[in-house]
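Coordinates as given in my_file_4.txt (compact mmCIF, C-alpha atoms and all ligand atoms):
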```txt
# COMPACT_ATOMS: atom_id res chain seq x y z
CA MET A 1 94.93 93.55 20.14
CA SER A 2 96.07 91.94 23.38
CA ASP A 3 92.57 92.33 24.90
CA ARG A 4 91.13 90.39 22.00
CA TYR A 5 93.59 87.54 22.65
CA GLN A 6 92.83 87.57 26.34
CA LYS A 7 89.10 87.36 25.59
CA PHE A 8 89.80 84.37 23.35
CA VAL A 9 91.74 82.59 26.12
CA LEU A 10 88.85 83.26 28.52
CA ASP A 11 86.51 81.67 25.97
CA LEU A 12 88.80 78.64 25.78
CA VAL A 13 88.37 78.14 29.54
CA GLN A 14 84.72 77.29 28.83
CA ARG A 15 85.62 74.40 26.53
CA PRO A 16 85.30 70.84 27.92
CA GLY A 17 88.04 69.96 30.39
CA ASN A 18 89.47 73.47 30.65
CA SER A 19 87.29 74.90 33.40
CA ASN A 20 88.94 72.69 36.04
CA CYS A 21 92.65 72.78 36.84
CA ALA A 22 94.56 70.28 34.66
CA ASP A 23 96.31 68.89 37.73
CA CYS A 24 94.09 69.09 40.82
CA LEU A 25 90.67 69.67 39.19
CA SER A 26 90.04 72.84 41.23
CA PRO A 27 87.29 74.92 39.60
CA ASN A 28 89.32 78.12 40.11
CA VAL A 29 91.23 78.32 36.85
CA GLU A 30 93.27 81.54 36.66
CA TYR A 31 96.56 80.51 35.04
CA THR A 32 97.91 78.60 32.07
CA SER A 33 101.08 76.86 31.08
CA PHE A 34 101.13 78.10 27.50
CA ASN A 35 103.81 75.78 26.17
CA LEU A 36 101.97 72.74 27.58
CA GLY A 37 98.63 74.26 26.55
CA ILE A 38 96.89 73.64 29.90
CA PHE A 39 94.70 75.62 32.31
CA LEU A 40 95.69 75.74 35.99
CA CYS A 41 94.67 76.95 39.44
CA GLU A 42 96.96 79.33 41.32
CA ALA A 43 98.53 76.68 43.58
CA CYS A 44 99.38 74.31 40.71
CA ALA A 45 100.64 77.24 38.60
CA SER A 46 103.15 78.11 41.31
CA ILE A 47 104.47 74.53 41.26
CA HIS A 48 104.70 74.70 37.45
CA ARG A 49 106.79 77.86 37.83
CA SER A 50 109.22 75.97 40.05
CA LEU A 51 109.74 73.36 37.29
CA GLY A 52 111.50 76.02 35.23
CA VAL A 53 110.64 77.41 31.80
CA GLY A 54 112.37 74.47 30.11
CA ILE A 55 109.35 72.40 31.15
CA SER A 56 106.47 74.77 31.82
CA LYS A 57 105.87 78.42 30.90
CA VAL A 58 103.27 79.90 33.21
CA LYS A 59 101.07 82.86 32.34
CA SER A 60 98.14 84.47 34.14
CA ILE A 61 95.02 84.53 31.98
CA LYS A 62 93.99 88.01 33.05
CA MET A 63 97.15 89.73 34.28
CA ASP A 64 99.61 88.89 31.49
CA ASN A 65 99.68 89.93 27.84
CA TRP A 66 98.99 87.33 25.21
CA SER A 67 100.45 86.98 21.73
CA GLU A 68 98.81 85.28 18.78
CA ASP A 69 101.23 82.33 18.85
CA GLN A 70 100.58 81.69 22.54
CA VAL A 71 96.83 81.78 22.05
CA LYS A 72 97.11 79.34 19.16
CA CYS A 73 99.10 76.98 21.34
CA MET A 74 96.36 77.06 23.99
CA GLU A 75 93.67 76.44 21.38
CA ALA A 76 95.54 73.54 19.81
CA CYS A 77 95.98 71.71 23.10
CA GLY A 78 93.80 72.15 26.21
CA ASN A 79 93.47 70.03 29.34
CA LEU A 80 91.86 66.96 27.73
CA LYS A 81 94.54 66.53 25.08
CA ALA A 82 97.32 67.15 27.59
CA ARG A 83 95.82 64.49 29.87
CA GLU A 84 95.80 61.95 27.03
CA LYS A 85 99.50 62.52 26.64
CA PHE A 86 100.84 63.05 30.17
CA GLU A 87 98.40 60.76 32.03
CA GLN A 88 98.29 57.87 29.59
CA LEU A 89 99.62 55.32 32.11
CA VAL A 90 98.58 56.54 35.56
CA PRO A 91 98.40 53.43 37.78
CA THR A 92 95.04 52.95 39.51
CA CYS A 93 96.77 52.91 42.91
CA TYR A 94 98.29 56.40 42.39
CA LYS A 95 96.48 58.98 44.50
CA ARG A 96 95.60 61.90 42.26
CA PRO A 97 95.68 65.05 44.38
CA ARG A 98 92.60 67.22 44.83
CA ASP A 99 92.89 70.87 45.74
CA LYS A 100 92.63 70.21 49.50
CA ASP A 101 95.35 67.54 49.59
CA PRO A 102 98.77 68.25 51.13
CA GLN A 103 101.23 70.20 49.02
CA VAL A 104 103.67 67.28 48.71
CA LEU A 105 101.06 65.12 46.94
CA ARG A 106 100.21 67.95 44.56
CA GLU A 107 103.84 68.80 43.84
CA GLN A 108 104.96 65.21 43.29
CA TRP A 109 102.00 64.54 41.01
CA ILE A 110 102.97 67.55 38.87
CA ARG A 111 106.67 66.62 38.87
CA ALA A 112 105.86 62.98 38.07
CA LYS A 113 103.63 64.09 35.22
CA TYR A 114 105.66 66.76 33.42
CA GLU A 115 109.22 66.57 34.77
CA ARG A 116 109.84 62.84 35.20
CA LEU A 117 107.22 61.82 32.57
CA GLU A 118 106.37 58.93 34.90
CA PHE A 119 102.92 58.31 33.49
CA MET A 120 104.25 57.83 29.95
CA ASP A 121 106.77 55.14 30.90
CA PRO A 122 105.93 52.20 33.21
CA GLU A 123 109.65 51.56 33.83
CA LYS A 124 109.75 54.76 35.86
CA GLN A 125 106.94 53.58 38.16
CA THR A 126 109.20 51.84 40.65
CA TYR A 127 106.45 51.89 43.29
CA LEU A 128 104.66 49.15 41.35
CA ALA A 129 107.49 46.66 41.96
CA GLY A 130 105.86 45.08 45.03
CA PHE A 131 109.07 45.47 47.01
CA LYS A 132 110.69 48.53 48.50
CA GLU A 133 113.60 48.90 50.86
CA GLY A 134 115.06 52.11 52.22
CA TYR A 135 115.53 54.49 55.12
CA LEU A 136 112.96 56.70 56.79
CA MET A 137 113.13 58.77 59.95
CA LYS A 138 110.78 57.22 62.53
CA ARG A 139 109.62 58.99 65.67
CA GLY A 140 110.39 57.04 68.83
CA LYS A 141 107.35 55.99 70.87
CA ASP A 142 108.91 57.07 74.18
CA ASP A 143 111.81 59.45 73.48
CA LYS A 144 109.84 61.17 70.67
CA LYS A 145 113.01 61.69 68.64
CA PHE A 146 113.16 60.94 64.94
CA GLN A 147 115.72 58.19 64.22
CA ARG A 148 116.85 56.67 60.95
CA ARG A 149 115.34 53.23 60.43
CA ARG A 150 115.47 50.69 57.62
CA PHE A 151 112.05 49.81 56.20
CA VAL A 152 111.22 46.87 53.97
CA LEU A 153 107.92 46.45 52.15
CA SER A 154 107.00 43.11 50.60
CA GLU A 155 103.81 42.60 48.67
CA THR A 156 104.39 38.82 48.50
CA ASP A 157 104.70 38.57 52.29
CA ASN A 158 101.99 41.20 52.91
CA THR A 159 104.38 42.96 55.29
CA LEU A 160 105.97 46.28 56.12
CA LYS A 161 108.92 45.73 58.48
CA TYR A 162 111.33 48.08 60.15
CA TYR A 163 114.68 47.46 61.80
CA ASN A 164 116.19 49.39 64.69
CA LYS A 165 119.82 48.44 64.08
CA GLU A 166 121.53 48.57 60.74
CA ASP A 167 122.69 44.96 60.95
CA ALA A 168 119.72 43.58 62.88
CA ARG A 169 118.46 40.25 61.65
CA GLU A 170 115.09 40.49 63.30
CA PRO A 171 112.80 43.41 62.57
CA LYS A 172 111.67 45.62 65.45
CA ALA A 173 108.15 45.29 64.10
CA THR A 174 106.32 43.52 61.30
CA LEU A 175 103.08 45.13 60.17
CA ARG A 176 100.53 43.47 57.93
CA LEU A 177 100.08 45.58 54.82
CA ASP A 178 96.38 44.80 54.53
CA GLU A 179 95.81 46.13 58.06
CA ILE A 180 97.61 49.47 57.86
CA ASN A 181 96.38 52.89 56.88
CA ALA A 182 98.78 55.55 55.58
CA VAL A 183 98.12 59.29 55.55
CA ILE A 184 100.37 62.16 54.48
CA VAL A 185 100.46 64.50 57.53
CA PRO A 186 102.80 67.50 57.00
CA GLU A 187 101.12 69.88 59.44
CA LYS A 188 100.93 67.50 62.37
CA VAL A 189 104.59 66.51 62.12
CA GLY A 190 105.83 69.94 61.03
CA ASN A 191 107.61 68.44 58.02
CA PRO A 192 106.30 68.56 54.41
CA ASN A 193 107.40 64.95 53.76
CA ALA A 194 105.73 63.19 56.69
CA MET A 195 103.43 60.17 56.84
CA GLN A 196 101.36 58.61 59.61
CA ILE A 197 100.78 54.88 59.58
CA THR A 198 98.05 53.43 61.79
CA PHE A 199 97.31 49.81 62.61
CA GLU A 200 95.67 47.73 65.29
CA GLN A 201 97.96 46.62 68.11
CA GLY A 202 96.13 44.54 70.64
CA SER A 203 92.86 46.36 71.21
CA ASN A 204 94.39 49.78 70.46
CA THR A 205 95.21 51.77 67.38
CA ARG A 206 98.94 52.42 67.12
CA SER A 207 100.39 55.32 65.12
CA LEU A 208 103.85 55.55 63.60
CA PHE A 209 105.18 58.90 62.39
CA LEU A 210 107.67 58.83 59.54
CA GLN A 211 109.63 61.44 57.61
CA ALA A 212 111.52 61.19 54.34
CA GLU A 213 114.29 63.44 53.08
CA THR A 214 112.44 64.32 49.89
CA GLY A 215 108.87 64.71 48.71
CA LYS A 216 109.44 62.07 46.04
CA GLU A 217 110.62 59.54 48.61
CA ILE A 218 107.59 59.89 50.90
CA VAL A 219 105.13 59.78 47.98
CA ASP A 220 106.96 56.72 46.58
CA TRP A 221 106.52 54.92 49.94
CA PHE A 222 102.89 55.99 50.13
CA THR A 223 102.25 54.79 46.56
CA SER A 224 104.19 51.54 47.13
CA ILE A 225 101.91 50.76 50.08
CA ARG A 226 98.83 51.53 47.98
CA SER A 227 100.12 49.49 45.04
CA ALA A 228 100.91 46.41 47.13
CA LYS A 229 97.53 46.59 48.86
CA LEU A 230 95.73 46.93 45.54
CA ASN A 231 97.58 44.02 43.92
CA ARG A 232 96.74 41.75 46.84
CA LEU A 233 93.07 42.78 46.71
CA THR A 234 92.97 42.24 42.94
CA ILE A 235 94.11 38.64 43.40
CA ALA A 236 91.69 38.04 46.29
CA TYR A 237 88.71 39.55 44.41
CA PRO A 238 89.09 38.89 40.71
CA GLY A 239 85.47 39.90 40.10
CA ALA A 240 85.94 43.47 41.32
CA THR A 241 87.39 46.26 39.21
CA GLU A 242 90.66 47.91 40.21
CA ALA A 243 88.88 51.25 40.48
CA GLU A 244 86.42 49.83 43.05
CA LEU A 245 89.19 48.22 45.08
CA ALA A 246 91.36 51.35 44.90
CA GLN A 247 88.82 53.31 46.95
CA ASN A 248 89.74 51.14 49.88
CA LEU A 249 93.54 51.45 50.04
CA THR A 250 94.18 54.41 52.33
CA HIS A 251 91.84 56.81 54.14
CA SER A 252 92.52 60.44 54.96
CA PHE A 253 91.21 61.88 58.22
CA LEU A 254 87.73 63.33 57.74
CA MET A 255 88.50 65.80 60.55
CA GLU A 256 91.38 66.47 62.93
CA GLY A 257 91.94 69.08 65.60
CA TRP A 258 91.74 70.20 69.22
CA LEU A 259 88.55 69.80 71.22
CA SER A 260 87.97 69.64 74.95
CA LYS A 261 86.00 66.83 76.54
CA THR A 262 84.75 66.12 80.01
CA GLY A 263 85.36 62.89 81.89
CA PRO A 264 82.60 60.32 82.33
CA ARG A 265 81.43 61.59 85.73
CA GLN A 266 79.10 64.51 86.36
CA GLY A 267 81.19 67.55 87.27
CA ASP A 268 84.38 66.30 85.57
CA ALA A 269 86.38 69.21 84.15
CA PHE A 270 87.01 69.76 80.44
CA ARG A 271 90.40 68.58 79.20
CA ARG A 272 91.98 69.53 75.89
CA ARG A 273 92.54 66.57 73.53
CA TRP A 274 93.61 66.08 69.92
CA PHE A 275 90.74 64.40 68.04
CA THR A 276 90.89 62.51 64.75
CA LEU A 277 88.00 61.10 62.73
CA GLU A 278 88.91 58.35 60.28
CA ARG A 279 86.01 56.56 58.60
CA ARG A 280 83.85 55.53 61.61
CA LYS A 281 86.57 55.83 64.24
CA LEU A 282 86.84 58.89 66.47
CA MET A 283 90.02 58.91 68.53
CA TYR A 284 91.44 61.37 71.06
CA TYR A 285 95.01 61.89 72.19
CA ASP A 286 96.92 63.94 74.76
CA ASP A 287 99.30 64.97 71.98
CA PRO A 288 98.68 64.74 68.20
CA MET A 289 101.79 62.55 67.77
CA ASP A 290 101.21 60.11 70.61
CA ALA A 291 101.71 56.46 69.66
CA PHE A 292 98.37 55.47 71.24
CA PRO A 293 95.12 57.38 71.71
CA LYS A 294 93.60 57.86 75.15
CA GLY A 295 90.28 56.70 73.75
CA GLU A 296 88.62 55.29 70.66
CA ILE A 297 84.93 55.76 69.92
CA PHE A 298 83.13 53.80 67.24
CA ILE A 299 80.66 56.04 65.40
CA GLY A 300 77.67 53.95 64.37
CA HIS A 301 74.47 54.71 62.50
CA GLU A 302 71.62 56.93 63.72
CA ASP A 303 69.38 53.83 63.97
CA LYS A 304 71.57 52.63 66.85
CA GLN A 305 71.22 55.71 69.08
CA PHE A 306 74.17 57.63 67.67
CA ALA A 307 73.50 61.37 67.38
CA VAL A 308 75.14 64.80 67.57
CA ARG A 309 73.35 67.63 69.38
CA ASP A 310 74.18 71.31 69.74
CA GLY A 311 74.95 72.37 73.32
CA LEU A 312 75.18 70.33 76.51
CA PRO A 313 72.45 68.81 78.67
CA PRO A 314 71.20 71.05 81.52
CA GLY A 315 73.41 70.95 84.61
CA ILE A 316 76.70 70.58 82.72
CA LYS A 317 78.89 73.64 82.98
CA SER A 318 79.69 74.78 79.48
CA GLN A 319 82.82 76.41 78.05
CA GLY A 320 83.70 77.58 74.52
CA PHE A 321 81.43 76.15 71.81
CA CYS A 322 79.84 72.96 73.09
CA PHE A 323 78.12 69.99 71.52
CA THR A 324 77.17 66.47 72.61
CA LEU A 325 78.02 63.21 70.87
CA LYS A 326 75.56 60.51 71.86
CA THR A 327 76.52 56.85 71.64
CA PRO A 328 74.59 53.93 73.12
CA ASP A 329 77.22 53.59 75.87
CA ARG A 330 77.93 57.17 76.79
CA HIS A 331 77.19 60.81 75.97
CA PHE A 332 80.38 62.76 75.24
CA HIS A 333 80.41 66.44 76.15
CA LEU A 334 82.70 68.26 73.75
CA SER A 335 83.82 71.82 73.30
CA ALA A 336 85.51 73.59 70.38
CA GLU A 337 87.58 76.73 70.79
CA VAL A 338 85.90 78.60 67.93
CA LEU A 339 82.41 78.37 66.44
CA GLU A 340 83.71 77.38 63.01
CA ASP A 341 85.42 74.27 64.46
CA LYS A 342 82.26 73.25 66.28
CA THR A 343 80.24 73.53 63.07
CA LYS A 344 82.78 71.49 61.10
CA TRP A 345 82.98 68.75 63.73
CA MET A 346 79.21 68.50 64.07
CA GLN A 347 78.81 68.30 60.29
CA ALA A 348 81.54 65.67 59.93
CA LEU A 349 80.10 63.50 62.72
CA GLU A 350 76.56 63.90 61.42
CA SER A 351 77.59 62.83 57.94
CA VAL A 352 79.15 59.65 59.34
CA ILE A 353 76.17 58.93 61.60
CA SER A 354 73.69 59.35 58.74
CA GLN A 355 75.50 56.79 56.56
CA PRO A 356 74.45 53.17 57.00
CA LEU A 357 77.29 50.84 57.97
CA SER A 358 79.04 49.12 55.10
CA PRO A 359 79.95 45.46 55.65
CA GLN A 360 83.54 46.57 56.12
CA ASP A 361 82.58 49.11 58.80
CA SER A 362 80.89 46.35 60.79
CA SER A 363 83.98 44.17 60.60
CA SER A 364 86.24 46.96 61.81
CA ASN A 365 84.02 47.74 64.79
CA PHE A 366 86.87 47.67 67.25
CA GLY A 367 87.06 45.41 70.16
CA ILE A 368 85.62 42.75 67.91
CA LYS A 369 88.46 40.87 66.31
CA GLN A 370 87.38 39.22 63.10
CA ASN A 371 89.08 36.23 61.63
CA LYS A 372 90.65 36.40 58.19
CA LYS A 373 87.73 34.75 56.49
CA ALA A 374 85.24 37.24 57.88
CA LYS A 375 87.42 40.12 56.73
CA ARG A 376 87.61 38.73 53.23
CA ILE A 377 83.86 38.41 53.03
CA SER A 378 83.43 41.96 54.26
CA VAL A 379 85.69 43.46 51.60
CA LEU A 380 83.99 41.34 48.99
CA ASN A 381 80.61 42.65 50.01
CA LEU A 382 81.93 46.18 50.01
CA VAL A 383 82.97 45.99 46.39
CA ARG A 384 79.86 44.17 45.28
CA HIS A 385 77.34 46.59 46.72
ZN ZN B 401 95.34 72.88 40.60
```
Could you write out this structure as structure tokens?
Amino acid sequence: MSDRYQKFVLDLVQRPGNSNCADCLSPNVEYTSFNLGIFLCEACASIHRSLGVGISKVKSIKMDNWSEDQVKCMEACGNLKAREKFEQLVPTCYKRPRDKDPQVLREQWIRAKYERLEFMDPEKQTYLAGFKEGYLMKRGKDDKKFQRRRFVLSETDNTLKYYNKEDAREPKATLRLDEINAVIVPEKVGNPNAMQITFEQGSNTRSLFLQAETGKEIVDWFTSIRSAKLNRLTIAYPGATEAELAQNLTHSFLMEGWLSKTGPRQGDAFRRRWFTLERRKLMYYDDPMDAFPKGEIFIGHEDKQFAVRDGLPPGIKSQGFCFTLKTPDRHFHLSAEVLEDKTKWMQALESVISQPLSPQDSSSNFGIKQNKKAKRISVLNLVRH
């Protein structure tokens, strides 16, 4: 009897919406929450288990036994119906996790959806308020220690400020919201609730590393930043849809990791550096959490002499798994520690090089400071084309 039920559940997986995880859209559906009537991947199922059976009752499709009542529950609901209920009011600025996103984004999405019922009640979406004040641990630029700092975000002022002293009147720094990027970076910081904020300081890119006490707190800050940025863009570009503008709020790193590079002179030795690739900007650091990179390389289009080639030119002593990044100004000789890393880096760089520049890419070509008006035009073009 139980086999027949299991076969029926497997057939249900083929119905529209059920063959991708209800929460992260992974195509590897192996579990269900049979009281919620949804189909899940393994990673999301394990978060559902942690919610407790009062909220979600998890069952493996193939490894557990099924009863008639449970099967009926699955048939009556399914991922599409559950989404209509639990995702009825997801704000456009909220970053829905995909299966490769950090665990904290996945977990908070699931908790927001089924535990806090955040997307059924706008009053619970405090990150849409346009103002947020609170404490985060910020890594010191020089002493590298995490210290408690007060942060204040204001959508009206377009600012994110932080204060060194509790009673300080003047902020230690005031960042422009429309010029910052925010990325959740648990592995780099060694903390599940960590965020990196980058912005231009002078002609360099500055990074801040922040930690929150809870997953909810860091995701609330992340979403508050995205919400404020989106609201400001919506006012600036009334002709664009929120969905178009939302693609432009924060950008994850396309690639990150250790590579070695040689200096600019023939015969310079390889030195190990931490590389990050964000949109068209390749940066390298002594240490992954340095406040400033040692170098920034703009990655342009193949029409402008940008290219990636396997190996090194003759005469350069090779080590590990080498490749060459060609730019009009300089050829960079790079080396990965394992073949797989070399392949991934070459593919990531090639995919950027093969894409024509968007108007926004041209305006963020560093070294060239654009005035406000030019920036506005560039974003406008981005959403129109
Ligand atoms: Zn999933």
Closest-contact table, chain A side, partner ligand ZN 401 (chain B), 10 Å, counting all atoms listed in the file, as JSON lines:
```
{"residue": "A:Asn20", "atom": "CA", "partner": "B:ZN401", "partner_atom": "ZN", "distance": 7.9}
{"residue": "A:Cys21", "atom": "CA", "partner": "B:ZN401", "partner_atom": "ZN", "distance": 4.6}
{"residue": "A:Ala22", "atom": "CA", "partner": "B:ZN401", "partner_atom": "ZN", "distance": 6.5}
{"residue": "A:Asp23", "atom": "CA", "partner": "B:ZN401", "partner_atom": "ZN", "distance": 5.0}
{"residue": "A:Cys24", "atom": "CA", "partner": "B:ZN401", "partner_atom": "ZN", "distance": 4.0}
{"residue": "A:Leu25", "atom": "CA", "partner": "B:ZN401", "partner_atom": "ZN", "distance": 5.8}
{"residue": "A:Ser26", "atom": "CA", "partner": "B:ZN401", "partner_atom": "ZN", "distance": 5.3}
{"residue": "A:Pro27", "atom": "CA", "partner": "B:ZN401", "partner_atom": "ZN", "distance": 8.4}
{"residue": "A:Asn28", "atom": "CA", "partner": "B:ZN401", "partner_atom": "ZN", "distance": 8.0}
{"residue": "A:Val29", "atom": "CA", "partner": "B:ZN401", "partner_atom": "ZN", "distance": 7.8}
{"residue": "A:Glu30", "atom": "CA", "partner": "B:ZN401", "partner_atom": "ZN", "distance": 9.7}
{"residue": "A:Tyr31", "atom": "CA", "partner": "B:ZN401", "partner_atom": "ZN", "distance": 9.5}
{"residue": "A:Phe39", "atom": "CA", "partner": "B:ZN401", "partner_atom": "ZN", "distance": 8.8}
{"residue": "A:Leu40", "atom": "CA", "partner": "B:ZN401", "partner_atom": "ZN", "distance": 5.4}
{"residue": "A:Cys41", "atom": "CA", "partner": "B:ZN401", "partner_atom": "ZN", "distance": 4.3}
{"residue": "A:Glu42", "atom": "CA", "partner": "B:ZN401", "partner_atom": "ZN", "distance": 6.7}
{"residue": "A:Ala43", "atom": "CA", "partner": "B:ZN401", "partner_atom": "ZN", "distance": 5.8}
{"residue": "A:Cys44", "atom": "CA", "partner": "B:ZN401", "partner_atom": "ZN", "distance": 4.3}
{"residue": "A:Ala45", "atom": "CA", "partner": "B:ZN401", "partner_atom": "ZN", "distance": 7.1}
{"residue": "A:Ser46", "atom": "CA", "partner": "B:ZN401", "partner_atom": "ZN", "distance": 9.4}
{"residue": "A:Ile47", "atom": "CA", "partner": "B:ZN401", "partner_atom": "ZN", "distance": 9.3}
{"residue": "A:Pro97", "atom": "CA", "partner": "B:ZN401", "partner_atom": "ZN", "distance": 8.7}
{"residue": "A:Arg98", "atom": "CA", "partner": "B:ZN401", "partner_atom": "ZN", "distance": 7.6}
{"residue": "A:Asp99", "atom": "CA", "partner": "B:ZN401", "partner_atom": "ZN", "distance": 6.0}
{"residue": "A:Lys100", "atom": "CA", "partner": "B:ZN401", "partner_atom": "ZN", "distance": 9.7}
{"residue": "A:Arg106", "atom": "CA", "partner": "B:ZN401", "partner_atom": "ZN", "distance": 8.0}
{"residue": "A:Glu107", "atom": "CA", "partner": "B:ZN401", "partner_atom": "ZN", "distance": 10.0}
{"residue": "A:Ile110", "atom": "CA", "partner": "B:ZN401", "partner_atom": "ZN", "distance": 9.5}
```
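Every polymer residue reaching to within 8 Å of (109.0, 64.0, 62.9), counting all atoms listed in the file, appears in this list: Met137, Lys138, Arg139, Lys145, Phe146, Val189, Gly190, Asn191, Ala194, Phe209, Leu210 and Gln211 of chain A.
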Hey, can you spit out that residue selection with C-alpha atoms as a PDB file, keeping the file's coordinate frame?
```pdb
ATOM      1  CA  MET A 137     113.130  58.770  59.950  1.00  0.00           C
ATOM      2  CA  LYS A 138     110.780  57.220  62.530  1.00  0.00           C
ATOM      3  CA  ARG A 139     109.620  58.990  65.670  1.00  0.00           C
ATOM      4  CA  LYS A 145     113.010  61.690  68.640  1.00  0.00           C
ATOM      5  CA  PHE A 146     113.160  60.940  64.940  1.00  0.00           C
ATOM      6  CA  VAL A 189     104.590  66.510  62.120  1.00  0.00           C
ATOM      7  CA  GLY A 190     105.830  69.940  61.030  1.00  0.00           C
ATOM      8  CA  ASN A 191     107.610  68.440  58.020  1.00  0.00           C
ATOM      9  CA  ALA A 194     105.730  63.190  56.690  1.00  0.00           C
ATOM     10  CA  PHE A 209     105.180  58.900  62.390  1.00  0.00           C
ATOM     11  CA  LEU A 210     107.670  58.830  59.540  1.00  0.00           C
ATOM     12  CA  GLN A 211     109.630  61.440  57.610  1.00  0.00           C
TER      13      GLN A 211
END
```
Assuming 3 Å of padding per side, give the centre and edge lengths of the axis-aligned box around every listed atom of region 200-215 of chain A, in Å to one decimal and as JSON.
```
{"center_x": 103.6, "center_y": 54.6, "center_z": 60.0, "size_x": 27.4, "size_y": 26.2, "size_z": 28.5}
```
Per residue of region 199-236 of chain A within 12 Å of region 85-92 of chain A, which atom pair is closest and at what distance in Å (one decimal), using only C-alpha atoms, listed by chain and increasing number, as a tab-separated table?
```
residue	atom	partner	partner_atom	distance
A:Thr223	CA	A:Pro91	CA	9.7
A:Ser224	CA	A:Pro91	CA	11.2
A:Arg226	CA	A:Thr92	CA	9.4
A:Ser227	CA	A:Thr92	CA	8.3
A:Ala228	CA	A:Thr92	CA	11.6
A:Lys229	CA	A:Thr92	CA	11.6
A:Leu230	CA	A:Thr92	CA	8.5
A:Asn231	CA	A:Thr92	CA	10.3
A:Thr234	CA	A:Thr92	CA	11.4
```
- Could you list as an MDAnalysis selection string every residue that has an atom within 9 Å of (102.8, 72.3, 28.6), using the file's coordinates and counting all atoms listed in the file? chainID A and resid 32:38 55:58 77 82 114
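Remark: for Gln305 (chain A), the closest of the candidate residues A:Pro328, A:Gly320, A:Gly130, A:Pro186 is A:Pro328 (distances computed over all atoms listed in the file).
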- Query: What is the distance, in Å and to one decimal place, between CA of Glu217 (chain A) and CA of Lys188 (chain A)?
  - Reply: 18.6 Å
- Query: Interatomic distance between CA of Ile197 (chain A) and CA of Asn181 (chain A)?
  - Reply: 5.5 Å
- With distances taken over all atoms listed in the file, which of A:Phe292, A:Tyr162, A:Tyr285, A:Phe275 is nearest to Thr198 (chain A)? A:Phe292
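Residue nearest Ile225 (chain A) within the list A:Lys132, A:Lys7, A:Arg116, A:Lys326: A:Lys132 [criterion: smallest interatomic distance, all atoms listed in the file].
Interatomic distance, CA of Trp258 (chain A) against CA of Asp310 (chain A): 17.6 Å.
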- Message: Need to verify the contact set: Trp66 (chain A), 10 Å, all atoms listed in the file, exclusion of same-chain residues closer than 6 positions in sequence. Can you return it as a PyMOL selection string?
- Response: chain A and resi 1-9+34+59-60
- Counting only C-alpha atoms, which of A:Leu153, A:Leu282, A:Ala173, A:Ile316 gets nearest to Ala348 (chain A)? A:Leu282
